[in-house]
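Each remark here refers to the structure printed beneath this line.
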Amino acid sequence: MKPLRKFLLLATLALSAPWHCLAAPVDFTRDVQPLLNKHCAECHGGVKQKGGLVLTNRTRALQGGESGDPLMVAGQPEESELYRRLIHQDPDEQMPPKVRLANEEISLLRDWIAGGAQWPEHWAYKSLGPVVPPPVKTMAWPLNEIDRFVLHRLEQQSIAPSPPAAPHILLRRLHLDLVGLPPTLDELRAFESAWQDDPDACLEATIDRLLASPHFGERWGRHWLDQARYADSDGYEKDNPRPNAWVWRDWVIKAINDDMPFDQFTTEQLAGDLFIKASPRQQLATAFHRQTLRNREGGTDQEEDRVKRVIDRVATTARTWLGLTLECAQCHNHPYDPITQRDFYQVYAFFNNTDEGGVKVPLAGGATHEADVMRHNGNRKTYLLRRGDFLQPDKKKGEIMAGGISFLHPLQPAEKPSTRMALARWLTSRDNPLMARVTANTIWLHLFGSGLSRTPVNFGSQGQAPTHPALLDWLAHEFMNGEWSRKELIRKIVSSRTYQQSSRHRPGLTALDPGNHLLHRQNRRRVEAEIIRDLHLSVAGLLAHRIGGPSVFPAIPPDVAGQSFANNFQWKISKGPDRYRRGMYTFFKRTAPAPNLVTFDCPDSNTSVTRRNTSNTPLMALTTLQNEVFHEAARSLARRIQADNTLQSDMERVDQLYRLTLARRPSAAERGIVIKLLSDNRIHYRTHPAAARKLCGEDNAELAAWTATVRIVTNLDEFVTCS
Amino acid sequence: MMSSHEYSLRTRRDFLTTSASGLGGLALAHMLAGEGASAARGITHFAPRAKRCIFIFMAGAPSQIDLFDHKPKLNELSGKTMNPAILEKMRFAFLQKESATLLGTRRKFKQHGQSGMWFSDLLPHLSTCADDLCMIKSLHTTQFNHHPGQLMMQCGEPHFGLPSMGSWVTYGLGSENNNLPGYVVLLAGRGSSGGATLYQSGYLPSTYAGVRLRNGDEPVLNLRSPEGISPEVQRRGLDALRELNGLAHAKVRDPEIESRIAAYELAFRMQTAAPELADLSGESEKTLEAYGVNRSDPSGGGRGKGGSRTWGTFARNCLLARRLAERGVRFVNLIHASWDQHSNLDKELGFNAGMSDQPVAALIADLKERGLLDDTLVVWGGEFGRTPLGENRRGRKPNTGRDHHPNAFTMFMAGGGVKGGLNYGETDDIGWEPARDPVHVNDFHATLLHLFGLDHLKLTYRHGGADKRLTSLTRESKVIHDWFT
C-alpha cells in the first residue's frame with residue numbers, strides 16, 4: 001500500500017465525522033458486521049486472505065488489500081474501494097464475485113461509509129471500567145442500579161415496565177431459581193405473614209434464606225455441571241462407569257455453597273494441582289477437565305484420543321471462561337474472529353502438558369475416596385497440527401510455547417515453564433474483560449431464561465451483542481469488584497425491580513418487543529429436567545433431601561440400559577430413600593441416559609452446554625402423566641391431602657393442594673373445575689372398586705379419586721413453570 | 001370450551017406444533033432471530049422426490065467385499081502382501097501391517113437384474129430387487145473407529161452434540177402424521193456403539209430427536225396409563241387440564257401454554273395411534289411370512305447378545321417401517337449393531353446377512369406393491385467398510401475376519417427418486433479405494449437432503465454463533481445428480 005494513501009485513509013477514519021449525523025444511524029455491530037461475516041469473510045477472513053485483505057478486525061481492515069486502494073474513506077463511499085467493488089459493473093471486479101448483494105445491503109454499507117465508517121472496538125473485548133447507571137424519568141421505579149439501565153431503555157421506547165409479580169409468584173420464582181425446590185407450606189405461611197408486616201424486609205429475608213440454603217449449591221452447581229459436561233461414564237462405545245465422578249460433583253456443590261470467589265473457583269479447577277502444597281481438595285477441583293469423554297473402544301489410537309481430549313479441554317475452557325469459539329482455530333485462523341491457529345496451540349500447549357492422575361480425597365466423616373484429577377507433565381512438546389490432525393505436527397514452524405490468545409491482554413508467565421497456573425492467572429486477571437462479562441451474562445441467563453447477550457458461549461463477532469451493553473458491563477464490573485462473589489451478584493439481580501416484574505405477556509407489546517429484548521417483563525420459563533422431577537417428589541413429600549454422595553439409580557426401563565453397546569455395567573435400581581433423590585444425582589450414563597432426564601432437554605453431557613433447550617413435546621406429557629415415579633408421586637400427594645385432618649372440606653383440600661403445588665389458592669373458577677373433576681372421579685371409583693385398588697393399591701375409592709385428580713394439577717403448565 | 005381440533009388450528013404455534021414433527025412446538029423465539037434461527041423450515045428448495053425415509057443402519061460396518069463388491073482379482077491375490085507404500089499411509093484399528101496379507105472372499109458372486117448388479121450368495125432375496133436398487137460402491141469416510149464413524153454417518157461429522165439426519169429432515173419438513181412422532185427409531189439385537197447419541201437431536205430442540213419405538217406391549221415409553229386410569233378417566237382429566245391451562249393462558253397470554261395444551265392432546269392421540277401402529281394382527285399371513293416376522297434365529301446364532309430373537313425382531317422392524325411410512329412418519333431409522341466381523345466372518349456375516357436379506361427385500365417389494373416406493377427412500381449401509389486384508393490381530397487365529405476400512409464401502413438405496421438398477425462408482429481391483437466417482441459421506445448427506453427438496457447449504461440452524469448444517473462447514477459437499485430418476 002502506498003504510504004501516503006494509507007496515511008490518508010487512517011487520517012480520515014480517525015476524524016470520522018462525529019458531526020456527520022444526517023444519514024440514518026447505521027450500527028456497525030448490528031448492521032455491518034453481519035454483512036461482512038456473511039458475504040466477505042469466506043475469502044477475506046481468518047481462513048483465506050484473498051488479495052491480502054482481512055476483514056475480521058478494524059486494524060487489519062484499515063490496512064486494506066494489496067492493491068493499496070483505500071478500503072473506506074469516511075464520509076465518501078464513492079472513494080472507498082469497498083463500496084466501488086460492491087457496485088462494480090465488471091463481474092470480474094464486482095464483490096462478492098458473481099452474486100451481487102441486495103440493494104438494501106449495498107445502501108446500508110454505503111450509508112455506513114457515508115456516516116463515517118465507524119468501526120468501534122468489539123463490545124466484548126473492550127476493557128472493563130466503572131459504569132454510571134443512566135438517568136431515568138420515573139425515579140420511584142428503580143430498586144437498584146440494574147433497574148436504571150433497564151428503565152432507561154424502556155423509557156426511550158415509551159414503554160412502561162410491568163407491575164411487580166404477585167407475592168406468591170415471587171416466592172415461587174425465587175425458590176425455583178435459587179434452590180430449585182418449591183416453597184413448603186411452612187415457608188409459604190411464614191412468607192405470607194412476613195409480607196403482611198413489611199414486603200421489602202420479607203423479600204430480603206427470603207433471598208437471604210435461599211442464598212444460605214445448602215440446596216443453592218445443588219441448583220447452581222447443576223448449571224456448572226452442564227458447562228463441565230459432567231457424567232458418570234466414559235462415553236463412546238465402551239462407556240465404562242466412572243465411579244469417582246461424583247466426588248468432584250460434590251466439590252462443585254460445596255464450592256458454590258461456600259460462595260468460593262469465582263477467580264479462585266476458576267484457578268482451582270484449572271490448576272488446583274499446581275499450588276505449592278496443593279491440598280487434596282484443590283487437586284480434586286481439577287477434575288473439571290476430567291469430564292472429557294474417553295474412548296476405550298478396541299483399536300482406538302490412544303494418542304489420538306488423548307489429543308481429542310486436549311482439544312476438548314481447550315474448546316471448553318474458551319467457551320466457558322471467554323465466550324470464544326477457539327476450536328474454530330484448530331485447523332486455520334478463525335474465520336470471523338481475530339484468533340490465529342497459533343493462538344489455539346498456545347492454549348493447547350497448557351493442556352498438552354497435562355496428564356490424568358488420581359488423588360485420595362478426605363470426605364466428611366473421616367473417610368477418603370479416590371478421585372480423578374489432572375497432573376502436570378512438562379515433557380510433551382507442542383506443534384501446530386496441520387488440519388488439526390495429530391499425525392501431522394508442523395515441526396517446520398517450530399515448537400509452540402504455552403501462551404494466551406494474542407489479541408487479548410498479554411499472558412505473563414509467573415514461572416517457567418509456563419503451566420496451567422499461568423493460564424488461570426491470565427483468565428482471572430483484572431485485565432481480562434471477558435471472564436467477568438461471560439460469567440455475568442450466564443448468571444443473568446439462569447435468572448431470566450436468556451442472557452443479555454443471547455449467545456452465551458460466543459462473544460465473538462458472530463455472537464449477538466447484548467441488548468443492554470452498559471448493564472452487562474456494570475454487572476461484570478460489580479462482579480469483578482465484588483470479589484467475584486456469585487451469591488452477591490445473584491442477590492443484586494434478584495433484588496432488582498426488573499427481576500421481580502410480572503411475567504404476564506402484554507399483547508400491546510408483541511409487535512414492538514416480541515422477544516422481550518427490552519425486559520419489559522420477566523420471562524416465563526419451564527424448569528429443567530431434574531427440577532421437574534424434584535418438584536413432583538417434593539410436593540408428594542417423597543424427596544430425599546440428602547446432599548451429595550455417590551450417584552443413584554432410580555428405576556429406568558430395562559431396554560434403555562440395554563441400548564448401549566457394552567454389557568459392562570448393571571443398572572441396579574437403588575433402594576430406600578435413594579430412589580427419591582434429586583434428579584441431579586441420577587447416574588448419568590452417556591450412551592444410555594435416563595429417559596426422564598433426556599425427554600426434558602437434559603444435555604447429553606458429551607459437550608459443554610451453557611443454555612439448555614426447552615422444548616415442549618407429547619413425550620413430556622406422557623412422562624409426567626404416566627411414568628412410574630411421577631405416578632408414585634401423585635399417589636403420595638393424594639394421600640398427603642386426604643390424610644390431613646385439619647382440612648374440613650373438599651374446598652379446603654383443593655386449596656391446600658394448590659398451595660402445596662403452586663404456592664397460591666385457586667381462583668373460584670379453578671376450584672370449581674378441580675372439585676368437579678374430583679366428584680366425577682369419586683363416582684367412577686366408587687362404582688369401579690377394582691380400578692381403585694389398581695390405582696392406589698388399596699380398597700379406597702376416595703384415595704383413588706384424589707390420585708386421579710392431583711395428577712392433573714401436577715401436570716399444569718404452571719406447575720413446571722417459573723412464572 | 002374449544003375442541004382439541006379447534007385448538008390445534010388456532011395459532012401459528014399450533015401449526016408448528018402439529019405439522020413440524022407431530023411432536024410439539026419449538027419455542028417461537030427460536031424461529032425469529034438469533035440463536036436458534038433457522039434459514040428455512042417447511043419450505044423445500046427444490047421439487048422433492050422423496051417424502052419419507054427408511055434408513056436401515058447396519059452399525060459395525062458390513063463387509064462390502066463379501067456382499068456387494070465383487071473383486072475376482074482379490075481372490076487371485078489372496079494370501080499375498082500389499083504394496084508397503086500404500087499400507088504405510090493407512091491406519092488400522094487392530095491389523096498388524098507388517099504381516100498382513102490380502103484375503104479373498106469365500107462367497108460366490110453372481111450378476112442379477114437387467115443392470116447385471118453383483119450380489120454374493122448371502123443375499124438371495126435382495127438380489128431379486130436388483131432393478132430397484134441404486135448401488136453405491138465408492139463411499140468413503142474419514143473415521144475408522146465405530147462411535148466416531150457412526151456419528152459421521154448419522155450426524156455428518158464425527159462429533160457429539162449434533163442432530164442426526166433424521167432430526168434434520170424432520171426439522172426441515174415436519175411430519176405428515178399428527179398422532180405419531182416424526183422421527184422414529186427401531187432397534188434389533190444388542191445396542192450400537194453410539195447408543196442414544198446416534199438419534200438425539202443435538203443442538204436442535206428435543207422435538208426433533210428420534211423416538212424409540214419399543215418392542216413389547218408399550219411401543220412408546222410411558223404410553224400406557226397407570227393401572228386404574230381408564231381412557232374415560234384419562235380423557236376427563238385431560239379435559240380439566242385443558243380448561244385449567246386455558247384459564248392460565250387467558251390471564252398470562254404466554255403462547256407456550258397453548259403449545260403445552262396441544263402437546264397433551266397429541267400425547268392422548270398417541271396413546272391410541274402407537275399401539276394401533278404396533279399391532280400387526282391386521283397384516284396378512286402372506287405379508288408376515290414375506291418379511292419373516294415369525295422367524296427364529298438359526299441355531300448357533302451370531303454375535304448378537306440381545307436375545308435370541310434378532311431375526312424376528314429385525315423383520316418385525318422392517319414391517320413396522322412400512323406401517324410408519326404408510327402413516328406419513330417422516331424418518332424411520334432401523335438400527336442393528338453387530339456387523340463388526342474382525343473374526344469368524346463366514347459364520348457371523350452369514351447370520352447378519354440372513355437377518356437382513358429377506359425382510360429388507362420384502363420391505364422394498366411391499367412398498368413397491370403399495371405404490372409407496374416412489375416417494376419413500378430406503379437406504380441400507382454402515383459407518384464404513386471392511387478391509388480386503390485379512391485380520392491378523394495378535395493372539396487370534398489369522399485371516400478369519402476383516403478390520404475396519406474407511407477408504408471404500410458400499411451402500412444401497414431404493415425408491416424415493418433414485419434410479420433403480422444403477423451401479424454407481426467403482427473401486428480398484430482389490431476394493432482398496434474408489435477408482436471412479438468417489439462419494440464422501442457428506443456428499444451422500446447432501447444428496448439425501450436434495451431428494452427431499454432440501455438444499456444442504458440452506459437447511460441451517462444457528463448454534464454457538466454459526467449457521468450449522470448436516471454437512472461439514474469446512475468441506476464443499478456435492479449433490480450427486482446421477483442418482484436421480
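In the C-alpha cells, each chain is lettered A, B, ... as it comes, each chain's residues begin at 1, and ligands are numbered from 1 in order of appearance.
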
How close does each residue of chain A get to chain B, giving the shortest atom pair and distance in Å to one decimal for every residue with an atom at most 7 Å away, counting only C-alpha atoms, sorted by chain and residue number, as a Markdown table?
```
| residue | atom | partner | partner_atom | distance |
| --- | --- | --- | --- | --- |
| A:Tyr236 | CA | B:His147 | CA | 5.9 |
| A:Glu237 | CA | B:Ser193 | CA | 4.1 |
| A:Gly299 | CA | B:Ala93 | CA | 3.8 |
| A:Thr300 | CA | B:Ala93 | CA | 6.1 |
| A:Arg454 | CA | B:Glu35 | CA | 6.7 |
| A:Thr455 | CA | B:Glu35 | CA | 6.3 |
| A:Val457 | CA | B:Gly464 | CA | 6.2 |
| A:Asn458 | CA | B:Gly464 | CA | 5.8 |
| A:Gln462 | CA | B:Gly465 | CA | 5.0 |
| A:Gly463 | CA | B:Gly465 | CA | 4.9 |
| A:Arg504 | CA | B:Val252 | CA | 4.6 |
| A:His505 | CA | B:Arg253 | CA | 5.4 |
| A:Gly515 | CA | B:Ala29 | CA | 6.2 |
| A:Gly562 | CA | B:Gly191 | CA | 6.2 |
| A:Gln563 | CA | B:Gly191 | CA | 4.2 |
| A:Ser564 | CA | B:Gly195 | CA | 4.6 |
| A:Phe565 | CA | B:Gly191 | CA | 4.5 |
| A:Thr591 | CA | B:Gly195 | CA | 4.8 |
| A:Ala592 | CA | B:Ala196 | CA | 6.0 |
| A:Asp601 | CA | B:Ser206 | CA | 6.2 |
| A:Asn606 | CA | B:Phe160 | CA | 5.8 |
| A:Thr607 | CA | B:Gly161 | CA | 6.3 |
| A:Asn613 | CA | B:Pro205 | CA | 5.8 |
| A:Ser615 | CA | B:Leu26 | CA | 5.4 |
| A:Asn616 | CA | B:Gly24 | CA | 5.6 |
| A:Thr617 | CA | B:Gly24 | CA | 4.3 |
| A:Pro618 | CA | B:Ala263 | CA | 4.5 |
| A:Leu619 | CA | B:Ala267 | CA | 6.8 |
| A:Ala621 | CA | B:Tyr264 | CA | 5.5 |
| A:Leu622 | CA | B:Asn222 | CA | 5.6 |
| A:Thr623 | CA | B:Asn222 | CA | 5.7 |
| A:Gln626 | CA | B:Ser225 | CA | 5.3 |
| A:Asn627 | CA | B:Asn222 | CA | 5.3 |
| A:Glu670 | CA | B:Leu244 | CA | 6.4 |
| A:Ile673 | CA | B:Ala240 | CA | 6.4 |
| A:Leu677 | CA | B:Ala240 | CA | 6.9 |
| A:Ala691 | CA | B:Gly228 | CA | 4.3 |
| A:Ala692 | CA | B:Gly228 | CA | 6.1 |
| A:Lys694 | CA | B:Gly228 | CA | 5.0 |
| A:Leu695 | CA | B:Gly228 | CA | 4.4 |
| A:Ile712 | CA | B:Leu241 | CA | 6.0 |
| A:Leu716 | CA | B:Asn245 | CA | 6.4 |
| A:Asp717 | CA | B:Ile257 | CA | 6.4 |
```

* Gap from CA of Lys80 in chain B to CA of Ile65 in chain B - Å, one decimal -> 16.8 Å

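For Gln500 in chain A, the non-local neighbours within 7 Å, defined as residues at least 4 positions apart in the same chain or in other chains and counting only C-alpha atoms, are A:Pro164, A:Ala165, A:Leu170, A:Val494, A:Ser496.
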
Could you dump the residues just selected with C-alpha atoms as a PDB file, in the first residue's frame?
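Wrote it out as selection_1.pdb, contents follow:
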```pdb
ATOM      1  CA  PRO A 164     -44.405  -6.473  40.245  1.00  0.00           C
ATOM      2  CA  ALA A 165     -45.374 -10.129  40.218  1.00  0.00           C
ATOM      3  CA  LEU A 170     -42.250 -14.029  43.588  1.00  0.00           C
ATOM      4  CA  VAL A 494     -32.986 -10.940  42.182  1.00  0.00           C
ATOM      5  CA  SER A 496     -33.995  -5.686  41.304  1.00  0.00           C
TER       6      SER A 496
END
```

* **Selection: 9 Å around Thr709 in chain A, only C-alpha atoms, excl. self and same-chain fewer than 3 positions, as a PyMOL selection string** => (chain A and resi 634+638+674-675+677-678+681+704-706+712-713) or (chain B and resi 237)

* Might you pull out every residue within 10 Å of Thr29 in chain A, with only C-alpha atoms counted and same-chain residues fewer than 4 positions away left off, and present them as a PyMOL selection string? => chain A and resi 33-35+118-123+461-465

Contact residues around Tyr291 in chain B with only C-alpha atoms at 8 Å, ignoring same-chain residues under 4 positions, as a PDB file with N, CA and C atoms, in the first residue's frame:
```
ATOM      1  N   THR B 287     -48.032 -61.528   4.174  1.00  0.00           N
ATOM      2  CA  THR B 287     -47.105 -60.431   4.473  1.00  0.00           C
ATOM      3  C   THR B 287     -46.145 -60.827   5.598  1.00  0.00           C
ATOM      4  N   ALA B 315     -37.081 -58.364  11.364  1.00  0.00           N
ATOM      5  CA  ALA B 315     -38.129 -58.499  10.348  1.00  0.00           C
ATOM      6  C   ALA B 315     -39.360 -57.677  10.749  1.00  0.00           C
ATOM      7  N   ARG B 316     -39.712 -57.767  12.026  1.00  0.00           N
ATOM      8  CA  ARG B 316     -40.853 -57.005  12.519  1.00  0.00           C
ATOM      9  C   ARG B 316     -40.582 -55.501  12.361  1.00  0.00           C
ATOM     10  N   CYS B 318     -38.793 -54.110  10.103  1.00  0.00           N
ATOM     11  CA  CYS B 318     -38.946 -53.747   8.684  1.00  0.00           C
ATOM     12  C   CYS B 318     -40.424 -53.564   8.346  1.00  0.00           C
ATOM     13  N   LEU B 319     -41.242 -54.460   8.871  1.00  0.00           N
ATOM     14  CA  LEU B 319     -42.677 -54.342   8.609  1.00  0.00           C
ATOM     15  C   LEU B 319     -43.240 -53.073   9.283  1.00  0.00           C
ATOM     16  N   GLN B 358     -33.932 -61.190   3.727  1.00  0.00           N
ATOM     17  CA  GLN B 358     -35.339 -61.418   3.380  1.00  0.00           C
ATOM     18  C   GLN B 358     -36.237 -60.235   3.766  1.00  0.00           C
ATOM     19  N   PRO B 359     -36.156 -59.720   5.006  1.00  0.00           N
ATOM     20  CA  PRO B 359     -37.055 -58.630   5.365  1.00  0.00           C
ATOM     21  C   PRO B 359     -36.819 -57.354   4.561  1.00  0.00           C
ATOM     22  N   VAL B 360     -35.558 -57.043   4.257  1.00  0.00           N
ATOM     23  CA  VAL B 360     -35.303 -55.812   3.506  1.00  0.00           C
ATOM     24  C   VAL B 360     -35.842 -55.958   2.089  1.00  0.00           C
ATOM     25  N   ALA B 362     -38.273 -57.870   1.258  1.00  0.00           N
ATOM     26  CA  ALA B 362     -39.740 -57.842   1.381  1.00  0.00           C
ATOM     27  C   ALA B 362     -40.242 -56.413   1.539  1.00  0.00           C
ATOM     28  N   LEU B 363     -39.502 -55.625   2.308  1.00  0.00           N
ATOM     29  CA  LEU B 363     -39.896 -54.222   2.517  1.00  0.00           C
ATOM     30  C   LEU B 363     -39.922 -53.469   1.195  1.00  0.00           C
TER      31      LEU B 363
END
```

Near Asp132 in chain B, counting only C-alpha atoms, which residues have an atom at most 7 Å away, once you skip same-chain residues fewer than 3 positions from it, shown as a PDB file with C-alpha atoms, in the first residue's frame?
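Okay, selection15.pdb is ready:
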```
ATOM      1  CA  CYS B 129     -34.691 -56.412  -6.169  1.00  0.00           C
ATOM      2  CA  ALA B 414     -34.135 -47.762  -3.354  1.00  0.00           C
ATOM      3  CA  GLY B 420     -33.177 -48.430  -9.853  1.00  0.00           C
ATOM      4  CA  GLY B 421     -30.623 -50.772 -11.403  1.00  0.00           C
TER       5      GLY B 421
END
```

* What is the distance, in Å and to one decimal place, between CA of Gln570 in chain A and CA of Ala529 in chain A? ->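 It comes out at 23.6 Å.
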
* Asked: Of the residues A:Ala544, A:Glu204, A:Arg153, A:Ser80, which is the one nearest to Asp513 in chain A, using only C-alpha atoms?
  ->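 Under the stated criterion, the closest residue is A:Arg153.
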
* Asked: Between A:Pro77, A:Ser495, A:Arg686, A:Cys328, which is the closest to Leu143 in chain A once you count only C-alpha atoms?
  ->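 Among the listed residues, A:Ser495 lies closest to Leu143 in chain A.
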
* To do: Could you give me the residues within range 217-383 of chain B that DSSP places in alpha helix (DSSP H), as a PyMOL selection string?
  => chain B and resi 231-252+255-278+285-291+310-326+345-369

Output for the residues just chosen: C-alpha atoms as a compact mmCIF listing (two decimals), in the first residue's frame:
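Contents of result-v3.txt, as written:
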```txt
# COMPACT_ATOMS: atom_id res chain seq x y z
CA PRO B 231 -59.38 -43.98 28.96
CA GLU B 232 -62.51 -42.32 30.34
CA VAL B 233 -60.74 -41.08 33.48
CA GLN B 234 -57.78 -40.02 31.38
CA ARG B 235 -59.98 -38.06 28.99
CA ARG B 236 -61.87 -36.39 31.80
CA GLY B 237 -58.61 -35.44 33.49
CA LEU B 238 -57.19 -34.03 30.28
CA ASP B 239 -60.36 -32.03 29.70
CA ALA B 240 -59.97 -30.46 33.13
CA LEU B 241 -56.29 -29.92 32.45
CA ARG B 242 -57.07 -28.16 29.21
CA GLU B 243 -59.62 -25.96 30.91
CA LEU B 244 -57.26 -25.04 33.72
CA ASN B 245 -54.37 -24.37 31.35
CA GLY B 246 -56.79 -22.37 29.21
CA LEU B 247 -57.68 -20.17 32.18
CA ALA B 248 -53.98 -19.56 32.80
CA HIS B 249 -53.48 -18.70 29.18
CA ALA B 250 -56.34 -16.22 29.21
CA LYS B 251 -54.58 -14.45 32.04
CA VAL B 252 -50.93 -14.79 31.15
CA PRO B 255 -48.21 -18.97 23.76
CA GLU B 256 -46.10 -21.69 25.39
CA ILE B 257 -49.24 -22.64 27.35
CA GLU B 258 -51.14 -23.28 24.14
CA SER B 259 -48.25 -25.35 22.97
CA ARG B 260 -48.43 -27.40 26.14
CA ILE B 261 -52.17 -27.90 25.72
CA ALA B 262 -51.52 -29.18 22.21
CA ALA B 263 -48.74 -31.48 23.46
CA TYR B 264 -51.10 -33.13 25.95
CA GLU B 265 -53.73 -33.60 23.27
CA LEU B 266 -51.13 -35.17 20.99
CA ALA B 267 -50.00 -37.42 23.80
CA PHE B 268 -53.56 -38.58 24.21
CA ARG B 269 -53.90 -39.32 20.50
CA MET B 270 -50.58 -41.16 20.56
CA GLN B 271 -51.97 -43.44 23.22
CA THR B 272 -54.28 -44.81 20.57
CA ALA B 273 -52.18 -44.36 17.46
CA ALA B 274 -48.98 -46.02 18.66
CA PRO B 275 -50.50 -49.33 19.81
CA GLU B 276 -52.53 -49.42 16.61
CA LEU B 277 -49.32 -48.97 14.68
CA ALA B 278 -47.57 -51.76 16.53
CA GLU B 285 -50.25 -64.24 6.80
CA LYS B 286 -48.61 -63.76 3.42
CA THR B 287 -47.10 -60.43 4.47
CA LEU B 288 -45.88 -61.75 7.81
CA GLU B 289 -44.28 -64.63 6.02
CA ALA B 290 -42.75 -62.47 3.31
CA TYR B 291 -40.97 -60.37 5.94
CA THR B 310 -32.83 -60.95 16.47
CA TRP B 311 -34.05 -62.22 13.10
CA GLY B 312 -37.69 -61.98 14.06
CA THR B 313 -37.29 -58.58 15.70
CA PHE B 314 -35.47 -57.15 12.72
CA ALA B 315 -38.13 -58.50 10.35
CA ARG B 316 -40.85 -57.00 12.52
CA ASN B 317 -39.00 -53.68 12.49
CA CYS B 318 -38.95 -53.75 8.68
CA LEU B 319 -42.68 -54.34 8.61
CA LEU B 320 -43.23 -51.59 11.18
CA ALA B 321 -41.15 -49.31 8.97
CA ARG B 322 -43.63 -49.85 6.17
CA ARG B 323 -46.53 -49.17 8.53
CA LEU B 324 -44.81 -45.98 9.69
CA ALA B 325 -44.21 -44.92 6.09
CA GLU B 326 -47.87 -45.54 5.30
CA LEU B 345 -16.53 -63.67 9.28
CA ASP B 346 -18.16 -66.52 7.41
CA LYS B 347 -20.44 -67.54 10.20
CA GLU B 348 -21.24 -64.15 11.66
CA LEU B 349 -21.73 -62.34 8.37
CA GLY B 350 -23.92 -65.22 7.28
CA PHE B 351 -26.05 -64.72 10.37
CA ASN B 352 -26.41 -60.98 9.83
CA ALA B 353 -26.96 -61.17 6.10
CA GLY B 354 -29.61 -63.79 6.73
CA MET B 355 -31.24 -61.49 9.24
CA SER B 356 -31.35 -58.58 6.82
CA ASP B 357 -31.76 -60.19 3.41
CA GLN B 358 -35.34 -61.42 3.38
CA PRO B 359 -37.05 -58.63 5.37
CA VAL B 360 -35.30 -55.81 3.51
CA ALA B 361 -36.18 -57.36 0.15
CA ALA B 362 -39.74 -57.84 1.38
CA LEU B 363 -39.90 -54.22 2.52
CA ILE B 364 -38.81 -52.93 -0.87
CA ALA B 365 -41.25 -55.20 -2.70
CA ASP B 366 -44.07 -54.36 -0.29
CA LEU B 367 -43.53 -50.61 -0.61
CA LYS B 368 -43.48 -51.02 -4.37
CA GLU B 369 -46.65 -53.04 -4.42
```

* Asked: Between CA of Lys478 in chain B and CA of Ala408 in chain B, what is the distance, to one decimal in Å?
  -> 17.6 Å

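Considering the residues A:Ile405, A:Ile113, A:Ala61, A:Ala102 and counting only C-alpha atoms, Val32 in chain A has its shortest atom-to-atom contact with A:Ile113.
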
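The smallest atom-to-atom distance between Trp251 in chain A and any of A:Cys202, A:Val598, A:Leu363, A:Leu185, using only C-alpha atoms, is found for A:Leu363.
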
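Checking A:Ala424, A:Tyr345, A:Gly180, A:Asp234 one by one against Gly272 in chain A, counting only C-alpha atoms, you find the shortest gap at A:Ala424.
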
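Distances to Gln341 in chain B were evaluated for B:Val169, B:Leu186, B:Ala61, B:Cys53 using only C-alpha atoms, and the minimum falls at B:Ala61.
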